[in-house]
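The structure appears right after this line, and notes come after that.
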Amino acid sequence: MKTKTAILSIEDLTGRAMAELSEAFRATAGVTEVDFSLERKVAVVEFDPEVTTVDGLIRIVLSNGYKVL
């Protein structure tokens, strides 16, 4: 499996947001790894592009009530 990496800039990324989004990303088919940087306010998501897309990852952020910058 060849993965891709998406770096999503998320407005108001907090510890609580990281916990919520981590759970949502990990529940998504095709997501293999998730990491966050509070300092840079980004989520780094590795995913299988044959299973999910960057648009799908953005929808996860939006559906959890956060904005992608």
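Every chain in the structure tokens takes a letter, A first, then B, and so on in the order presented; its residues are numbered from 1, and the ligands are numbered from 1 following the presented order.
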Backbone DSSP call of helix (DSSP H, G or I) for chain A, listed as a VMD selection string: chain A and resid 15 to 26 54 to 63
Would you mind writing down, as a list in words, each residue of chain A that DSSP on the backbone assigns to strand (DSSP E)? Lys4, Thr5, Ala6, Ile7, Leu8, Ser9, Val31, Thr32, Glu33, Val34, Asp35, Phe36, Ser37, Val42, Ala43, Val44, Val45, Glu46 and Phe47 of chain A
Closest atom pairs, residues of range 27-56 of chain A within 7 Å of range 8-16 of chain A, only C-alpha atoms, as a Markdown table:
```
| residue | atom | partner | partner_atom | distance |
| --- | --- | --- | --- | --- |
| A:Leu38 | CA | A:Leu13 | CA | 6.4 |
| A:Lys41 | CA | A:Leu13 | CA | 5.5 |
| A:Val42 | CA | A:Ser9 | CA | 4.4 |
| A:Ala43 | CA | A:Leu8 | CA | 5.1 |
| A:Val44 | CA | A:Leu8 | CA | 6.5 |
```
Excluding Arg26 in chain A and residues on its chain fewer than 3 positions from it, collect all residues at most 12 Å away from it, counting only C-alpha atoms, and give them as a CSV table (one decimal) with C-alpha atoms, in the first residue's frame.
```
chain,number,residue,atom,x,y,z
A,18,MET,CA,-6.9,16.9,18.9
A,19,ALA,CA,-8.6,14.2,20.9
A,20,GLU,CA,-11.9,14.5,19.0
A,21,LEU,CA,-10.3,14.7,15.6
A,22,SER,CA,-7.8,11.9,16.3
A,23,GLU,CA,-10.7,9.6,17.1
A,29,ALA,CA,-11.1,3.7,6.5
A,30,GLY,CA,-7.8,4.3,4.8
A,31,VAL,CA,-6.2,6.5,7.5
A,32,THR,CA,-3.0,4.8,8.7
A,33,GLU,CA,-1.5,7.5,11.0
A,34,VAL,CA,-2.5,10.8,12.6
A,35,ASP,CA,-0.2,13.3,14.3
A,45,VAL,CA,-2.6,12.5,8.3
A,46,GLU,CA,-1.2,9.6,6.4
A,47,PHE,CA,-3.8,7.8,4.3
A,57,LEU,CA,-10.3,14.3,5.5
A,60,ILE,CA,-14.1,15.0,8.8
```
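Between CA of Glu39 in chain A and CA of Thr53 in chain A the interatomic distance comes to 25.3 Å.
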Go through A:Arg40, A:Pro49, A:Met1, A:Ala24 and flag the residue nearest Leu62 in chain A, using only C-alpha atoms for the distances.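 So, comparing all the options, the nearest one is A:Ala24.
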Kindly indicate which residue among A:Thr5, A:Ala17, A:Phe25, A:Ser37 lies nearest to Arg59 in chain A, using only C-alpha atoms for the distances.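 Of A:Thr5, A:Ala17, A:Phe25, A:Ser37, the one nearest Arg59 in chain A is A:Phe25, counting only C-alpha atoms.
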Separation of CA of Tyr66 in chain A and CA of Lys4 in chain A, in Å?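 That distance, rounded to one decimal, is 22.5 Å.
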By how many Å are CA of Lys2 in chain A and CA of Phe36 in chain A apart?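 Between CA of Lys2 in chain A and CA of Phe36 in chain A the gap works out to 21.4 Å.
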